[in-house]
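One structure below.
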Amino acid sequence: MAEGRWIEINCDMGEGFGRWKMGPDEELMRIVDVANVACGFHAGDPSTMARTARLAKQHGVRVGAHPGLPDLLGFGRRRMAVAPEDARALVLYQVGALAGVLAAEGVPLNHVKPHGELYFYIQRDAAVRDAVLAAVRAFGVPIYGLPTPDMVEACRRAGVRLVPEFYADIDYDESGALVPVAQSVPATEELIAGRIRLFADTGTARTQAGASVEVPGDRQGFSICIHSDLPGALTSATAARRAVDEIKKATAA
């Protein structure tokens, strides 16, 4: 790769609850670089958080908090109205809980990445975005998110580093915005690999209609998100790993 360029793979994990398991976390930890661990509001529980932290430590995977809206039944993907002060408090509460678990396991907190509807919420609502960034700033870690102009500027003002993300297992629309999971076409190995190569080469993505669209991002350094709860998550992560390794090998030659 070009000097100073980096590409990593992050994955949402620890999204089971009690006896209910969600996603092949044990297998995924062998493939990805970064784990976003659910903190109890959309999924996850104290024991699941601790097990996921230990699993990540075993495989040398960096761990961030994955706070969501208080919506277990809807997996944090349903819209709800949240006041900015409540958004700040719920992020502080969830990240604080995971930070305590990580400290006990000897694992540093790497970042915060909002989940699902909260991720979309901070893109469209400036007051909620600023409230969430204020909570993240309290932990002194970066936030993972889409590097839209509004998000980049808000992070600059808040003094929070933004790690830009690219999504390989869901779609982008004609404006370059993300399409919600439920409205995206199922990902295949070929689709995952092709999307990563296309973005790495051109900074673009293809819409469901086949149009080429520029998407917010930084090809010099970006984190590829894989959802562990989607069908074929392990296949998707494997395809992403292969594509990233091929890009690195080709550009280092």
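Every chain in the structure tokens takes a letter, A first, then B, and so on in the order presented; its residues are numbered from 1, and the ligands are numbered from 1 following the presented order.
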Within 7 Å of Asn10 of chain A using only C-alpha atoms, minus same-chain residues under 4 positions, as a list in words: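 Contacts, with the query itself left out: Val32, Asp33, Val34, Ala35, Ser223, Ile224, Cys225 and Ile226 of chain A.
Neighbours of segment 242-248 of chain A closer than or equal to 8 Å, with only C-alpha atoms counted and sequence neighbours fewer than 5 positions away skipped, come out as A:Met1, A:Ile7, A:Glu8, A:Ala193, A:Ile196, A:Arg197.
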Residues as selected, all heavy atoms, written as a PDB file, in the first residue's frame, can you do that?
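The result, stored in part_2.pdb:
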```pdb
ATOM      1  N   MET A   1       0.834  -1.194   0.000  1.00  0.00           N
ATOM      2  CA  MET A   1       0.000   0.000   0.000  1.00  0.00           C
ATOM      3  C   MET A   1       0.867   1.241   0.000  1.00  0.00           C
ATOM      4  O   MET A   1       2.033   1.177   0.341  1.00  0.00           O
ATOM      5  CB  MET A   1      -0.908   0.005   1.241  1.00  0.00           C
ATOM      6  CG  MET A   1      -2.069  -0.973   1.167  1.00  0.00           C
ATOM      7  SD  MET A   1      -3.205  -0.781   2.547  1.00  0.00           S
ATOM      8  CE  MET A   1      -2.182  -1.275   3.907  1.00  0.00           C
ATOM      9  N   ILE A   7      -5.694  -0.353   6.209  1.00  0.00           N
ATOM     10  CA  ILE A   7      -7.044  -0.893   6.087  1.00  0.00           C
ATOM     11  C   ILE A   7      -7.195  -1.961   7.167  1.00  0.00           C
ATOM     12  O   ILE A   7      -6.322  -2.812   7.328  1.00  0.00           O
ATOM     13  CB  ILE A   7      -7.308  -1.521   4.700  1.00  0.00           C
ATOM     14  CG1 ILE A   7      -6.997  -0.543   3.575  1.00  0.00           C
ATOM     15  CG2 ILE A   7      -8.761  -1.983   4.601  1.00  0.00           C
ATOM     16  CD1 ILE A   7      -7.108  -1.160   2.182  1.00  0.00           C
ATOM     17  N   GLU A   8      -8.291  -1.917   7.893  1.00  0.00           N
ATOM     18  CA  GLU A   8      -8.566  -2.914   8.917  1.00  0.00           C
ATOM     19  C   GLU A   8     -10.001  -3.407   8.762  1.00  0.00           C
ATOM     20  O   GLU A   8     -10.795  -2.826   8.012  1.00  0.00           O
ATOM     21  CB  GLU A   8      -8.365  -2.326  10.324  1.00  0.00           C
ATOM     22  CG  GLU A   8      -9.398  -1.249  10.655  1.00  0.00           C
ATOM     23  CD  GLU A   8      -9.310  -0.700  12.067  1.00  0.00           C
ATOM     24  OE1 GLU A   8      -8.216  -0.731  12.659  1.00  0.00           O
ATOM     25  OE2 GLU A   8     -10.354  -0.214  12.566  1.00  0.00           O
ATOM     26  N   ALA A 193     -15.967  -8.804  -1.680  1.00  0.00           N
ATOM     27  CA  ALA A 193     -14.627  -8.553  -2.206  1.00  0.00           C
ATOM     28  C   ALA A 193     -14.646  -7.445  -3.257  1.00  0.00           C
ATOM     29  O   ALA A 193     -13.772  -6.566  -3.272  1.00  0.00           O
ATOM     30  CB  ALA A 193     -14.057  -9.837  -2.806  1.00  0.00           C
ATOM     31  N   ILE A 196     -15.036  -3.935  -1.673  1.00  0.00           N
ATOM     32  CA  ILE A 196     -13.815  -3.460  -1.012  1.00  0.00           C
ATOM     33  C   ILE A 196     -12.792  -3.006  -2.045  1.00  0.00           C
ATOM     34  O   ILE A 196     -12.185  -1.932  -1.910  1.00  0.00           O
ATOM     35  CB  ILE A 196     -13.240  -4.561  -0.103  1.00  0.00           C
ATOM     36  CG1 ILE A 196     -14.182  -4.808   1.083  1.00  0.00           C
ATOM     37  CG2 ILE A 196     -11.843  -4.181   0.387  1.00  0.00           C
ATOM     38  CD1 ILE A 196     -13.815  -6.024   1.912  1.00  0.00           C
ATOM     39  N   ARG A 197     -12.597  -3.795  -3.069  1.00  0.00           N
ATOM     40  CA  ARG A 197     -11.626  -3.419  -4.106  1.00  0.00           C
ATOM     41  C   ARG A 197     -12.046  -2.141  -4.810  1.00  0.00           C
ATOM     42  O   ARG A 197     -11.205  -1.271  -5.102  1.00  0.00           O
ATOM     43  CB  ARG A 197     -11.484  -4.563  -5.113  1.00  0.00           C
ATOM     44  CG  ARG A 197     -10.866  -5.827  -4.547  1.00  0.00           C
ATOM     45  CD  ARG A 197     -10.519  -6.808  -5.660  1.00  0.00           C
ATOM     46  NE  ARG A 197     -10.180  -8.122  -5.130  1.00  0.00           N
ATOM     47  CZ  ARG A 197     -11.014  -9.157  -5.120  1.00  0.00           C
ATOM     48  NH1 ARG A 197     -12.236  -9.024  -5.619  1.00  0.00           N
ATOM     49  NH2 ARG A 197     -10.623 -10.312  -4.627  1.00  0.00           N
TER      50      ARG A 197
END
```
Test item: residues at most 8 Å from segment 88-92 of chain A, only C-alpha atoms, excluding those fewer than 3 positions along its chain, as a list in words: Pro67, Gly68, Leu69, Pro84, Glu85, Val95, Gly96, Val128, Ala131, Val132, Leu133, Ala134, Ala135 and Val136 of chain A
For N, CA and C atoms, I'd like the residues from the last selection saved as a JSON list (two decimals), in the first residue's frame.
```json
[["chain", "number", "residue", "atom", "x", "y", "z"],
["A", 67, "PRO", "N", -22.38, 0.84, 21.87],
["A", 67, "PRO", "CA", -23.63, 1.21, 22.54],
["A", 67, "PRO", "C", -24.77, 1.41, 21.56],
["A", 68, "GLY", "N", -25.97, 1.07, 21.99],
["A", 68, "GLY", "CA", -27.15, 1.23, 21.14],
["A", 68, "GLY", "C", -28.30, 1.86, 21.90],
["A", 69, "LEU", "N", -29.40, 2.03, 21.22],
["A", 69, "LEU", "CA", -30.61, 2.51, 21.86],
["A", 69, "LEU", "C", -31.21, 1.39, 22.72],
["A", 84, "PRO", "N", -31.21, 14.81, 23.54],
["A", 84, "PRO", "CA", -29.73, 14.82, 23.55],
["A", 84, "PRO", "C", -29.13, 14.44, 24.90],
["A", 85, "GLU", "N", -29.70, 14.96, 25.99],
["A", 85, "GLU", "CA", -29.13, 14.64, 27.30],
["A", 85, "GLU", "C", -29.28, 13.15, 27.62],
["A", 95, "VAL", "N", -20.84, 2.52, 27.73],
["A", 95, "VAL", "CA", -19.40, 2.47, 27.55],
["A", 95, "VAL", "C", -18.71, 2.31, 28.90],
["A", 96, "GLY", "N", -19.26, 2.96, 29.92],
["A", 96, "GLY", "CA", -18.69, 2.81, 31.26],
["A", 96, "GLY", "C", -18.76, 1.38, 31.75],
["A", 128, "VAL", "N", -28.09, 15.47, 18.92],
["A", 128, "VAL", "CA", -27.79, 14.12, 19.42],
["A", 128, "VAL", "C", -26.35, 13.75, 19.08],
["A", 131, "ALA", "N", -24.12, 15.39, 21.54],
["A", 131, "ALA", "CA", -24.26, 14.76, 22.86],
["A", 131, "ALA", "C", -23.49, 13.45, 22.93],
["A", 132, "VAL", "N", -23.59, 12.66, 21.88],
["A", 132, "VAL", "CA", -22.86, 11.39, 21.84],
["A", 132, "VAL", "C", -21.36, 11.63, 21.81],
["A", 133, "LEU", "N", -20.92, 12.62, 21.05],
["A", 133, "LEU", "CA", -19.49, 12.93, 21.00],
["A", 133, "LEU", "C", -18.98, 13.42, 22.35],
["A", 134, "ALA", "N", -19.81, 14.15, 23.08],
["A", 134, "ALA", "CA", -19.41, 14.59, 24.43],
["A", 134, "ALA", "C", -19.19, 13.38, 25.33],
["A", 135, "ALA", "N", -20.05, 12.37, 25.20],
["A", 135, "ALA", "CA", -19.88, 11.15, 26.00],
["A", 135, "ALA", "C", -18.61, 10.41, 25.60],
["A", 136, "VAL", "N", -18.37, 10.29, 24.30],
["A", 136, "VAL", "CA", -17.17, 9.59, 23.82],
["A", 136, "VAL", "C", -15.91, 10.31, 24.30]]
```
Polymer residues at most 12 Å from Ser212 of chain A, only C-alpha atoms, same-chain spacing of 6 or more positions, as number ranges by chain: A: 171-176, 195, 198-199, 202-206
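Taking only C-alpha atoms, the non-local environment of Phe75 of chain A within 9 Å (same-chain residues fewer than 2 positions away omitted) comprises Glu15, Phe41, His42, Ala43, Gly68, Leu69, Pro70, Asp71, Leu72, Leu73, Arg77, Arg78 and Gly116 of chain A.
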